>>> print(open('target.cif').read())   # mmCIF, C-alpha atoms and all ligand atoms
data_entry
#
loop_
_atom_site.label_atom_id
_atom_site.label_comp_id
_atom_site.auth_asym_id
_atom_site.auth_seq_id
_atom_site.Cartn_x
_atom_site.Cartn_y
_atom_site.Cartn_z
CA VAL Y 1 28.29 -10.20 12.36
CA ASP Y 2 28.15 -10.30 8.63
CA ALA Y 3 25.30 -8.38 7.09
CA GLY Y 4 26.28 -9.50 3.59
CA SER Y 5 25.00 -7.55 0.61
CA ASP Y 6 22.52 -4.81 1.37
CA GLY Y 7 19.90 -6.43 -0.86
CA GLU Y 8 17.87 -3.23 -0.62
CA GLU Y 9 15.82 -3.80 -3.77
CA ASP Y 10 15.05 -7.46 -3.24
CA SER Y 11 11.49 -8.44 -2.41
CA VAL Y 12 12.81 -11.44 -0.52
CA ARG Y 13 15.77 -11.22 1.77
CA VAL Y 14 17.29 -14.45 3.01
CA VAL Y 15 19.66 -14.60 5.95
CA VAL Y 16 21.12 -17.52 7.86
CA ARG Y 17 21.62 -17.74 11.61
CA ILE Y 18 23.88 -20.39 13.08
CA ARG Y 19 23.18 -21.15 16.71
CA PRO Y 20 25.96 -21.94 19.18
CA PRO Y 21 26.67 -25.63 19.80
CA ASN Y 22 24.38 -26.93 22.55
CA ASP Y 23 25.56 -28.99 25.53
CA LEU Y 24 24.89 -32.27 23.80
CA GLU Y 25 26.89 -31.27 20.73
CA THR Y 26 29.70 -29.92 22.90
CA ASN Y 27 29.87 -33.00 25.13
CA ARG Y 28 29.83 -35.27 22.11
CA LYS Y 29 32.64 -33.16 20.62
CA ASP Y 30 30.67 -32.85 17.38
CA LYS Y 31 32.59 -31.40 14.50
CA VAL Y 32 31.57 -27.83 13.62
CA ILE Y 33 30.85 -27.82 9.91
CA THR Y 34 29.76 -24.21 9.33
CA GLN Y 35 32.01 -21.28 8.64
CA CYS Y 36 31.12 -17.69 7.78
CA PRO Y 37 34.05 -16.00 6.07
CA GLY Y 38 32.14 -12.74 5.42
CA GLN Y 39 30.25 -10.97 2.62
CA GLY Y 40 27.22 -13.18 3.10
CA ALA Y 41 29.20 -16.34 2.34
CA LEU Y 42 28.58 -19.59 4.16
CA TRP Y 43 30.79 -22.64 3.89
CA VAL Y 44 29.54 -26.04 4.92
CA ASP Y 45 31.88 -28.97 5.31
CA THR Y 46 29.93 -32.05 4.30
CA SER Y 47 32.89 -34.43 4.33
CA THR Y 48 31.42 -36.40 7.26
CA SER Y 49 28.70 -37.59 4.90
CA GLY Y 50 31.16 -38.01 2.05
CA GLY Y 51 30.31 -34.72 0.34
CA ARG Y 52 32.48 -31.94 -1.03
CA PRO Y 53 32.62 -28.53 0.72
CA LYS Y 54 29.55 -26.45 -0.17
CA GLN Y 55 29.55 -22.70 -0.63
CA PHE Y 56 26.52 -20.45 -0.38
CA THR Y 57 25.89 -16.73 -0.56
CA PHE Y 58 23.01 -15.07 1.27
CA ASP Y 59 21.96 -11.54 2.19
CA GLY Y 60 23.54 -12.12 5.57
CA VAL Y 61 25.06 -14.88 7.63
CA PHE Y 62 25.03 -14.60 11.40
CA GLY Y 63 27.43 -16.76 13.37
CA ALA Y 64 27.02 -18.33 16.78
CA GLU Y 65 28.39 -15.24 18.54
CA THR Y 66 25.60 -13.00 17.19
CA THR Y 67 23.56 -11.40 19.97
CA GLN Y 68 19.82 -10.82 19.81
CA TYR Y 69 20.57 -7.10 19.53
CA GLN Y 70 22.95 -7.59 16.61
CA MET Y 71 20.47 -9.86 14.89
CA PHE Y 72 17.73 -7.22 15.06
CA GLU Y 73 20.07 -4.44 13.94
CA ASN Y 74 21.53 -6.28 10.97
CA CYS Y 75 19.12 -8.87 9.62
CA GLY Y 76 17.07 -6.38 7.60
CA ILE Y 77 13.89 -6.39 9.68
CA LYS Y 78 13.97 -2.60 10.12
CA LYS Y 79 13.32 -2.18 6.41
CA LEU Y 80 10.17 -4.32 6.76
CA LEU Y 81 9.01 -2.31 9.77
CA ASP Y 82 9.50 0.99 7.94
CA MET Y 83 7.52 -0.41 5.01
CA ALA Y 84 4.74 -1.66 7.29
CA LEU Y 85 4.47 1.87 8.71
CA ASP Y 86 4.21 3.12 5.12
CA GLY Y 87 1.28 0.84 4.37
CA TYR Y 88 2.90 -2.30 2.95
CA ALA Y 89 2.32 -5.90 4.06
CA CYS Y 90 5.56 -7.61 5.06
CA THR Y 91 6.45 -10.99 6.51
CA ALA Y 92 9.39 -12.24 8.52
CA PHE Y 93 9.71 -15.93 9.11
CA ALA Y 94 12.13 -18.32 10.73
CA PHE Y 95 12.53 -21.85 9.46
CA GLY Y 96 14.81 -24.78 10.05
CA GLN Y 97 14.83 -28.07 11.93
CA THR Y 98 13.55 -28.30 15.50
CA GLY Y 99 16.13 -26.97 17.95
CA SER Y 100 17.86 -24.76 15.38
CA GLY Y 101 16.91 -21.44 17.02
CA LYS Y 102 13.68 -20.33 15.29
CA THR Y 103 11.80 -19.45 18.45
CA HIS Y 104 14.94 -17.99 19.98
CA THR Y 105 15.20 -15.67 16.99
CA ILE Y 106 11.54 -14.68 16.71
CA THR Y 107 10.51 -14.33 20.37
CA GLY Y 108 13.54 -15.29 22.41
CA PRO Y 109 13.57 -17.84 25.19
CA MET Y 110 10.80 -17.95 27.76
CA THR Y 111 12.06 -18.86 31.16
CA MET Y 112 9.46 -20.91 32.96
CA THR Y 113 10.41 -20.00 36.48
CA ARG Y 114 6.87 -20.43 37.68
CA THR Y 115 6.01 -23.30 39.90
CA PRO Y 116 3.25 -25.67 38.84
CA ARG Y 117 0.02 -25.17 40.71
CA ALA Y 118 -3.38 -26.79 40.67
CA VAL Y 119 -6.06 -25.10 38.56
CA PRO Y 120 -9.72 -26.05 38.21
CA THR Y 121 -10.86 -27.42 34.84
CA ASN Y 122 -14.27 -27.57 33.18
CA SER Y 123 -14.78 -31.11 34.36
CA GLY Y 124 -14.28 -30.02 37.96
CA GLU Y 125 -11.08 -32.01 38.27
CA GLU Y 126 -7.88 -30.28 39.14
CA ALA Y 127 -5.13 -30.07 36.60
CA THR Y 128 -1.59 -28.89 36.92
CA ALA Y 129 -0.70 -25.74 35.08
CA PHE Y 130 1.74 -22.93 35.28
CA GLY Y 131 0.22 -19.94 37.00
CA PHE Y 132 0.01 -16.93 34.77
CA GLU Y 133 0.03 -14.47 37.67
CA ASP Y 134 3.54 -15.44 38.74
CA ASP Y 135 4.48 -14.41 35.25
CA THR Y 136 7.03 -15.61 32.83
CA VAL Y 137 10.38 -13.98 33.04
CA GLN Y 138 12.08 -12.76 29.94
CA ASP Y 139 15.40 -11.05 30.23
CA ALA Y 140 15.35 -8.00 27.93
CA GLU Y 141 18.75 -8.96 26.58
CA TYR Y 142 17.30 -12.17 25.15
CA GLN Y 143 14.18 -10.68 23.62
CA GLY Y 144 13.71 -11.69 20.03
CA LEU Y 145 12.83 -9.88 16.83
CA ILE Y 146 9.19 -9.33 17.81
CA GLN Y 147 9.79 -7.42 21.04
CA ARG Y 148 12.55 -5.36 19.46
CA ALA Y 149 10.25 -4.65 16.52
CA PHE Y 150 7.57 -3.34 18.89
CA LEU Y 151 10.05 -0.96 20.50
CA TYR Y 152 11.28 0.18 17.11
CA LEU Y 153 7.73 0.75 15.85
CA PHE Y 154 6.69 2.81 18.87
CA ASP Y 155 9.84 4.85 18.51
CA SER Y 156 9.27 5.41 14.79
CA ILE Y 157 5.63 6.30 15.31
CA GLY Y 158 6.70 8.89 17.89
CA GLN Y 159 9.16 10.40 15.41
CA ARG Y 160 6.62 10.40 12.60
CA LYS Y 161 4.03 12.08 14.80
CA ARG Y 162 6.51 14.78 15.73
CA ARG Y 163 7.14 15.41 12.04
CA ASP Y 164 3.44 15.41 11.21
CA PRO Y 165 1.16 15.89 14.23
CA SER Y 166 -1.92 15.20 12.10
CA THR Y 167 -0.97 11.53 11.86
CA VAL Y 168 -3.03 9.00 13.78
CA TYR Y 169 -1.88 5.40 14.09
CA THR Y 170 -4.08 2.50 15.10
CA LEU Y 171 -2.32 -0.70 16.08
CA ARG Y 172 -4.00 -4.09 16.36
CA ALA Y 173 -2.51 -7.52 16.84
CA THR Y 174 -3.53 -11.12 16.26
CA TYR Y 175 -1.62 -14.18 17.38
CA LEU Y 176 -2.52 -17.61 16.08
CA GLU Y 177 -1.20 -21.09 15.79
CA ILE Y 178 -1.64 -23.57 12.96
CA TYR Y 179 -1.34 -27.11 14.22
CA ASN Y 180 -2.40 -30.05 12.10
CA GLU Y 181 -3.98 -27.57 9.61
CA GLN Y 182 -6.19 -26.27 12.42
CA VAL Y 183 -6.14 -22.61 13.36
CA LYS Y 184 -6.20 -21.74 17.06
CA ASP Y 185 -6.38 -18.28 18.56
CA LEU Y 186 -3.50 -17.80 20.99
CA LEU Y 187 -5.14 -14.67 22.40
CA ASN Y 188 -8.41 -16.40 23.14
CA PRO Y 189 -7.50 -19.74 24.70
CA ALA Y 190 -11.03 -20.28 25.94
CA ASP Y 191 -12.00 -20.90 22.32
CA ARG Y 192 -10.20 -24.09 21.38
CA SER Y 193 -12.17 -24.52 18.17
CA ASN Y 194 -10.61 -24.69 14.77
CA LEU Y 195 -11.24 -21.20 13.35
CA PRO Y 196 -12.24 -21.11 9.69
CA VAL Y 197 -10.09 -19.37 7.11
CA ARG Y 198 -12.29 -17.34 4.77
CA TRP Y 199 -11.81 -15.06 1.83
CA SER Y 200 -13.40 -11.73 1.05
CA LYS Y 201 -12.78 -9.20 -1.66
CA GLU Y 202 -11.91 -6.48 0.85
CA GLN Y 203 -9.69 -8.49 3.18
CA GLY Y 204 -8.37 -11.34 1.09
CA PHE Y 205 -7.85 -14.43 3.27
CA TYR Y 206 -8.60 -13.94 6.93
CA VAL Y 207 -9.39 -16.00 10.01
CA GLU Y 208 -12.96 -15.69 11.19
CA ASN Y 209 -13.56 -14.74 14.84
CA LEU Y 210 -9.93 -14.11 15.55
CA PHE Y 211 -9.45 -11.83 18.54
CA CYS Y 212 -7.78 -8.64 17.33
CA PRO Y 213 -7.13 -6.30 20.27
CA GLU Y 214 -6.17 -2.71 19.72
CA PHE Y 215 -3.38 -1.37 21.88
CA GLU Y 216 -1.84 1.99 22.55
CA THR Y 217 1.21 1.41 24.68
CA ILE Y 218 4.28 -0.75 24.50
CA ASP Y 219 3.30 -2.38 27.79
CA ASP Y 220 -0.06 -3.40 26.33
CA ILE Y 221 1.44 -5.07 23.30
CA MET Y 222 4.14 -6.81 25.35
CA ALA Y 223 1.38 -8.18 27.57
CA VAL Y 224 -0.53 -9.41 24.51
CA LEU Y 225 2.59 -11.13 23.22
CA GLU Y 226 3.35 -12.74 26.58
CA GLU Y 227 -0.17 -14.01 26.85
CA GLY Y 228 0.05 -15.60 23.42
CA MET Y 229 3.45 -17.12 24.20
CA HIS Y 230 2.02 -18.45 27.42
CA ASN Y 231 -1.03 -19.93 25.70
CA ARG Y 232 1.22 -21.66 23.24
CA HIS Y 233 2.36 -23.77 26.15
CA VAL Y 234 -1.07 -24.46 27.55
CA GLY Y 235 -3.21 -27.26 26.24
CA SER Y 236 -0.40 -29.18 24.64
CA HIS Y 237 0.35 -32.53 26.23
CA ASN Y 238 3.85 -32.67 24.92
CA LEU Y 239 5.35 -29.23 24.67
CA ASN Y 240 8.31 -30.15 22.50
CA GLU Y 241 6.30 -32.20 20.11
CA HIS Y 242 3.65 -29.51 19.86
CA SER Y 243 6.01 -26.60 19.30
CA SER Y 244 8.02 -28.51 16.74
CA ARG Y 245 4.89 -29.26 14.70
CA SER Y 246 3.01 -25.99 14.89
CA HIS Y 247 3.38 -22.72 13.02
CA THR Y 248 2.75 -19.58 15.02
CA MET Y 249 1.97 -16.28 13.45
CA LEU Y 250 1.80 -12.88 15.10
CA THR Y 251 0.37 -10.16 12.89
CA LEU Y 252 0.54 -6.49 13.64
CA ASN Y 253 -1.87 -4.32 11.70
CA ILE Y 254 -0.77 -0.72 11.39
CA ASP Y 255 -3.46 1.64 10.15
CA SER Y 256 -2.58 5.27 9.72
CA GLU Y 257 -4.36 8.41 8.75
CA MET Y 258 -2.72 11.72 7.94
CA ALA Y 259 -3.57 15.02 6.33
CA ASP Y 260 -2.90 15.09 2.61
CA PRO Y 261 0.05 17.46 2.15
CA ASP Y 262 -1.50 18.63 -1.14
CA ASP Y 263 -4.96 19.25 0.27
CA ASP Y 264 -5.51 19.97 3.98
CA SER Y 265 -9.15 18.97 3.83
CA MET Y 266 -8.28 15.45 2.66
CA TYR Y 267 -6.89 12.49 4.58
CA ILE Y 268 -4.65 9.71 3.38
CA THR Y 269 -5.20 6.33 4.98
CA LYS Y 270 -2.77 3.42 4.88
CA HIS Y 271 -3.08 -0.17 5.99
CA GLY Y 272 0.25 -1.75 6.67
CA LYS Y 273 1.02 -4.98 8.41
CA ILE Y 274 3.83 -7.17 9.49
CA CYS Y 275 3.63 -10.90 10.20
CA PHE Y 276 6.14 -12.78 12.29
CA VAL Y 277 6.04 -16.48 11.63
CA ASP Y 278 7.76 -19.15 13.67
CA LEU Y 279 7.46 -22.16 11.39
CA ALA Y 280 7.16 -25.81 12.36
CA GLY Y 281 10.37 -27.82 12.32
CA SER Y 282 11.43 -28.71 8.79
CA GLU Y 283 13.07 -32.03 9.72
CA LYS Y 284 12.13 -35.12 7.82
CA VAL Y 285 10.03 -37.23 10.13
CA LYS Y 286 11.13 -40.83 10.28
CA GLU Y 287 8.36 -42.98 8.87
CA SER Y 288 8.73 -45.54 11.63
CA LYS Y 289 7.89 -42.91 14.24
CA SER Y 290 4.68 -41.87 12.53
CA ALA Y 291 1.49 -43.78 13.11
CA GLY Y 292 -2.17 -42.84 13.31
CA ASP Y 293 -2.67 -39.25 14.41
CA ALA Y 294 1.00 -38.49 14.29
CA LEU Y 295 1.10 -39.42 10.63
CA VAL Y 296 -1.72 -37.03 9.80
CA GLU Y 297 0.11 -34.26 11.60
CA THR Y 298 3.39 -34.71 9.81
CA THR Y 299 1.63 -34.90 6.47
CA ASN Y 300 -0.11 -31.62 7.13
CA ILE Y 301 3.01 -29.90 8.32
CA ASN Y 302 4.96 -31.08 5.38
CA LYS Y 303 2.11 -29.86 3.20
CA SER Y 304 2.27 -26.34 4.68
CA LEU Y 305 6.03 -26.14 4.48
CA LEU Y 306 6.08 -27.68 1.03
CA THR Y 307 3.37 -25.31 -0.18
CA LEU Y 308 5.24 -22.36 1.27
CA GLY Y 309 8.34 -23.50 -0.59
CA ASN Y 310 6.34 -23.91 -3.79
CA CYS Y 311 4.81 -20.45 -3.44
CA ILE Y 312 8.13 -18.79 -2.78
CA SER Y 313 9.73 -20.66 -5.62
CA ALA Y 314 6.92 -19.67 -8.03
CA LEU Y 315 7.15 -16.06 -6.86
CA SER Y 316 10.89 -16.13 -7.41
CA ASP Y 317 10.50 -17.07 -11.06
CA PRO Y 318 9.80 -13.95 -13.13
CA LYS Y 319 7.94 -16.10 -15.67
CA LYS Y 320 5.63 -17.52 -12.99
CA ARG Y 321 5.25 -14.54 -10.66
CA GLY Y 322 2.30 -13.08 -12.53
CA GLY Y 323 0.67 -16.48 -12.93
CA HIS Y 324 -0.76 -19.07 -10.62
CA ILE Y 325 0.78 -19.18 -7.15
CA PRO Y 326 -0.50 -22.15 -5.11
CA PHE Y 327 -1.43 -20.10 -2.01
CA ARG Y 328 -4.68 -22.01 -1.63
CA ASP Y 329 -2.95 -25.30 -0.96
CA SER Y 330 -2.40 -24.65 2.76
CA LYS Y 331 -3.76 -22.40 5.50
CA LEU Y 332 -0.38 -20.95 6.21
CA THR Y 333 0.10 -19.78 2.63
CA LYS Y 334 -3.46 -18.49 2.38
CA LEU Y 335 -2.81 -16.26 5.36
CA LEU Y 336 0.53 -15.12 4.00
CA SER Y 337 -0.67 -14.62 0.43
CA ASP Y 338 -1.08 -10.84 0.57
CA SER Y 339 2.32 -10.19 2.04
CA LEU Y 340 4.16 -12.80 -0.02
CA GLY Y 341 2.47 -11.94 -3.29
CA GLY Y 342 2.20 -8.20 -2.77
CA THR Y 343 4.63 -5.35 -2.98
CA GLY Y 344 6.01 -5.74 0.54
CA VAL Y 345 9.24 -7.42 1.55
CA THR Y 346 9.71 -10.92 2.95
CA LEU Y 347 12.54 -11.77 5.30
CA MET Y 348 13.49 -15.40 5.69
CA VAL Y 349 15.76 -16.41 8.54
CA ALA Y 350 17.16 -19.88 7.97
CA CYS Y 351 18.20 -21.29 11.34
CA ILE Y 352 20.85 -23.98 11.46
CA SER Y 353 22.93 -26.02 13.89
CA PRO Y 354 26.72 -25.85 13.51
CA SER Y 355 27.16 -29.56 14.14
CA ALA Y 356 28.10 -32.33 11.69
CA TYR Y 357 25.49 -34.45 13.42
CA ASN Y 358 22.76 -32.26 11.90
CA GLY Y 359 24.53 -31.90 8.57
CA SER Y 360 21.86 -33.34 6.33
CA GLU Y 361 19.06 -31.26 7.91
CA THR Y 362 21.28 -28.20 7.65
CA MET Y 363 21.77 -28.86 3.95
CA ASN Y 364 17.99 -29.25 3.51
CA THR Y 365 17.38 -25.92 5.22
CA LEU Y 366 20.00 -24.19 3.08
CA ARG Y 367 18.59 -25.65 -0.13
CA TYR Y 368 15.16 -24.33 0.85
CA ALA Y 369 16.74 -20.94 1.50
CA VAL Y 370 18.59 -20.91 -1.82
CA ARG Y 371 15.38 -21.69 -3.66
CA ALA Y 372 13.77 -18.60 -2.16
CA LYS Y 373 16.73 -16.45 -3.01
CA ARG Y 374 16.15 -16.77 -6.73
CA ILE Y 375 13.53 -14.04 -6.32
P1 LIG C 401 13.45 -24.09 17.51
O1 LIG C 401 12.41 -23.06 17.82
O2 LIG C 401 14.03 -23.92 16.14
O3 LIG C 401 12.99 -25.48 17.76
P2 LIG C 401 14.79 -22.96 19.80
O4 LIG C 401 14.72 -21.52 19.44
O5 LIG C 401 13.81 -23.44 20.80
O6 LIG C 401 14.68 -23.87 18.50
O7 LIG C 401 16.27 -23.27 20.25
C1 LIG C 401 16.65 -24.51 20.83
C2 LIG C 401 17.54 -24.24 22.03
O8 LIG C 401 18.75 -23.59 21.64
C3 LIG C 401 16.88 -23.33 23.04
O9 LIG C 401 17.25 -23.73 24.33
C4 LIG C 401 17.45 -21.97 22.72
O10 LIG C 401 17.44 -21.11 23.83
C5 LIG C 401 18.86 -22.31 22.26
N1 LIG C 401 19.32 -21.35 21.24
C6 LIG C 401 18.89 -21.28 19.98
N2 LIG C 401 19.53 -20.31 19.30
C7 LIG C 401 20.38 -19.75 20.17
C8 LIG C 401 21.32 -18.68 20.09
N3 LIG C 401 21.52 -17.99 18.95
N4 LIG C 401 22.04 -18.38 21.19
C9 LIG C 401 21.85 -19.06 22.33
N5 LIG C 401 20.98 -20.08 22.48
C10 LIG C 401 20.25 -20.43 21.42
MG MG C 402 10.45 -23.37 18.42
#
>>> encode(input="target.cif", output="structure tokens", more="lines below")
Ligand code: ADP
Ligand code: MG
Amino acid sequence: VDAGSDGEEDSVRVVVRIRPPNDLETNRKDKVITQCPGQGALWVDTSTSGGRPKQFTFDGVFGAETTQYQMFENCGIKKLLDMALDGYACTAFAFGQTGSGKTHTITGPMTMTRTPRAVPTNSGEEATAFGFEDDTVQDAEYQGLIQRAFLYLFDSIGQRKRRDPSTVYTLRATYLEIYNEQVKDLLNPADRSNLPVRWSKEQGFYVENLFCPEFETIDDIMAVLEEGMHNRHVGSHNLNEHSSRSHTMLTLNIDSEMADPDDDSMYITKHGKICFVDLAGSEKVKESKSAGDALVETTNINKSLLTLGNCISALSDPKKRGGHIPFRDSKLTKLLSDSLGGTGVTLMVACISPSAYNGSETMNTLRYAVRAKRI
């Protein structure tokens, strides 16, 4: 594990995670082109495509051997969680091509051990679905940044309350998906409508009618998360296609109230939040594979990812930071505008494959990451 520079003062922290070679890459005996020599350095051998060796430096580079535990401990997310508890808006997102480990990093793998069963549908016909009661199994060891963040937050809140018993925390969560520029509530699957994104002076951009349950225990929030993860799988005809084209965003709102140390009769209130975003796959979609609906989808996804890149790049330029940031150009960036443009910290986890076969997508991902790091 290489945590690189501490990057404490940076408003954007960029780390890279290299996943282990998968079975296909191993069987094919793909050349491994990534190397992490330490100090946040990453070397990429691009000789297969006729390029010269490329060197990068990030706030951290995590090799294939990195465990989920080590990732949480060292990627810098704790800083964001502490800030969210202190009333800042922070965002952590994973990006990279499909299959690079984004979902593994953010939520960890879901093991669908459940057997398909027949469920009634609105039309009265029976459809096959995975029963929710049987429950999805997730080995604690494989839990991703979100679950570990929940545990960390509950622990920190406990410590803070012991230090100052007057403190009251209120936790609320939302979990949504943006697919084809349409917003769906993952916590309210009965409502399959495209929820409107609105703006108000008090809230900034927000999603109307989004279910926002309050929870008090770690079990409650884990159940909320599992339900959202489960719903992500429901209602998509082609799971892989759907998950590679959608962005999912879990937001935790942390409101706190505590006695003012300078005046016992006064209360200080804070509104912090942390967003975890599992972005759509960043791969270039082959034109020949896109037709009709599929073409619309890829255009929209590219628009969101492109806009996100443009926003981050504008924010990273001191001359542009105070000026116009194109948040309004996509739903994703609208919803991230307060945390990206505010005083909180953003953590970007660039996920890459180690294989030469994915070399050009890996280079794309790293270029995107470098662009953000100018901040
Ligand atoms: P993405 O969300 O970027 O499309 P996934 O997170 O679904 O990619 O990862 C693709 C596959 O690789 C999954 O089977 C996942 O469990 C596995 N995988 C990804 N990263 C790791 C890792 N660091 N260690 C072990 N397996 C991984
Ligand atoms: Mg995924």
>>> residues_around(input="target.cif", residues="Thr217 (chain Y)", least_positions_apart="5", cutoff="12 Å", atoms="only C-alpha atoms", output="short mmCIF file (atom, residue, chain, number, x, y, z; two decimals) with C-alpha atoms, keeping the file's coordinate frame")
data_model
loop_
_atom_site.label_atom_id
_atom_site.label_comp_id
_atom_site.auth_asym_id
_atom_site.auth_seq_id
_atom_site.Cartn_x
_atom_site.Cartn_y
_atom_site.Cartn_z
CA PHE Y 150 7.57 -3.34 18.89
CA LEU Y 151 10.05 -0.96 20.50
CA LEU Y 153 7.73 0.75 15.85
CA PHE Y 154 6.69 2.81 18.87
CA ASP Y 155 9.84 4.85 18.51
CA ILE Y 157 5.63 6.30 15.31
CA GLY Y 158 6.70 8.89 17.89
CA TYR Y 169 -1.88 5.40 14.09
CA THR Y 170 -4.08 2.50 15.10
CA LEU Y 171 -2.32 -0.70 16.08
CA ARG Y 172 -4.00 -4.09 16.36
CA MET Y 222 4.14 -6.81 25.35
CA ALA Y 223 1.38 -8.18 27.57
CA VAL Y 224 -0.53 -9.41 24.51
#
>>> atom_distance(input="target.cif", atom1="CA of Leu42 (chain Y)", atom2="CA of Ile312 (chain Y)")
21.6 Å
>>> atom_distance(input="target.cif", atom1="CA of Ala94 (chain Y)", atom2="CA of Thr46 (chain Y)")
23.4 Å
>>> residues_near_point(input="target.cif", point="(20.5, -29.3, 7.5)", cutoff="12 Å", atoms="only C-alpha atoms", output="compact mmCIF listing (two decimals) with C-alpha atoms, keeping the file's coordinate frame")
# COMPACT_ATOMS: atom_id res chain seq x y z
CA VAL Y 16 21.12 -17.52 7.86
CA ILE Y 18 23.88 -20.39 13.08
CA ILE Y 33 30.85 -27.82 9.91
CA THR Y 34 29.76 -24.21 9.33
CA VAL Y 44 29.54 -26.04 4.92
CA ASP Y 45 31.88 -28.97 5.31
CA THR Y 46 29.93 -32.05 4.30
CA SER Y 49 28.70 -37.59 4.90
CA PHE Y 95 12.53 -21.85 9.46
CA GLY Y 96 14.81 -24.78 10.05
CA GLN Y 97 14.83 -28.07 11.93
CA THR Y 98 13.55 -28.30 15.50
CA GLY Y 99 16.13 -26.97 17.95
CA SER Y 100 17.86 -24.76 15.38
CA GLY Y 281 10.37 -27.82 12.32
CA SER Y 282 11.43 -28.71 8.79
CA GLU Y 283 13.07 -32.03 9.72
CA LYS Y 284 12.13 -35.12 7.82
CA ALA Y 350 17.16 -19.88 7.97
CA CYS Y 351 18.20 -21.29 11.34
CA ILE Y 352 20.85 -23.98 11.46
CA SER Y 353 22.93 -26.02 13.89
CA PRO Y 354 26.72 -25.85 13.51
CA SER Y 355 27.16 -29.56 14.14
CA ALA Y 356 28.10 -32.33 11.69
CA TYR Y 357 25.49 -34.45 13.42
CA ASN Y 358 22.76 -32.26 11.90
CA GLY Y 359 24.53 -31.90 8.57
CA SER Y 360 21.86 -33.34 6.33
CA GLU Y 361 19.06 -31.26 7.91
CA THR Y 362 21.28 -28.20 7.65
CA MET Y 363 21.77 -28.86 3.95
CA ASN Y 364 17.99 -29.25 3.51
CA THR Y 365 17.38 -25.92 5.22
CA LEU Y 366 20.00 -24.19 3.08
CA ARG Y 367 18.59 -25.65 -0.13
CA TYR Y 368 15.16 -24.33 0.85
CA ALA Y 369 16.74 -20.94 1.50
>>> closest_residue(input="target.cif", among="Y:Ser246, Y:His233, Y:Tyr179, Y:Thr251", to="Leu210 (chain Y)", atoms="only C-alpha atoms")
Y:Thr251
>>> residues_near_ligand(input="target.cif", ligand="ligand MG 402 (chain C)", cutoff="10 Å", atoms="only C-alpha atoms and all ligand atoms", output="ChimeraX atom specification")
/Y:94-109,239-248,278-281
>>> closest_residue(input="target.cif", among="Y:Pro196, Y:Gly40, Y:Gly63, Y:Gly76", to="ligand LIG 401 (chain C)", atoms="all atoms listed in the file")
Y:Gly63
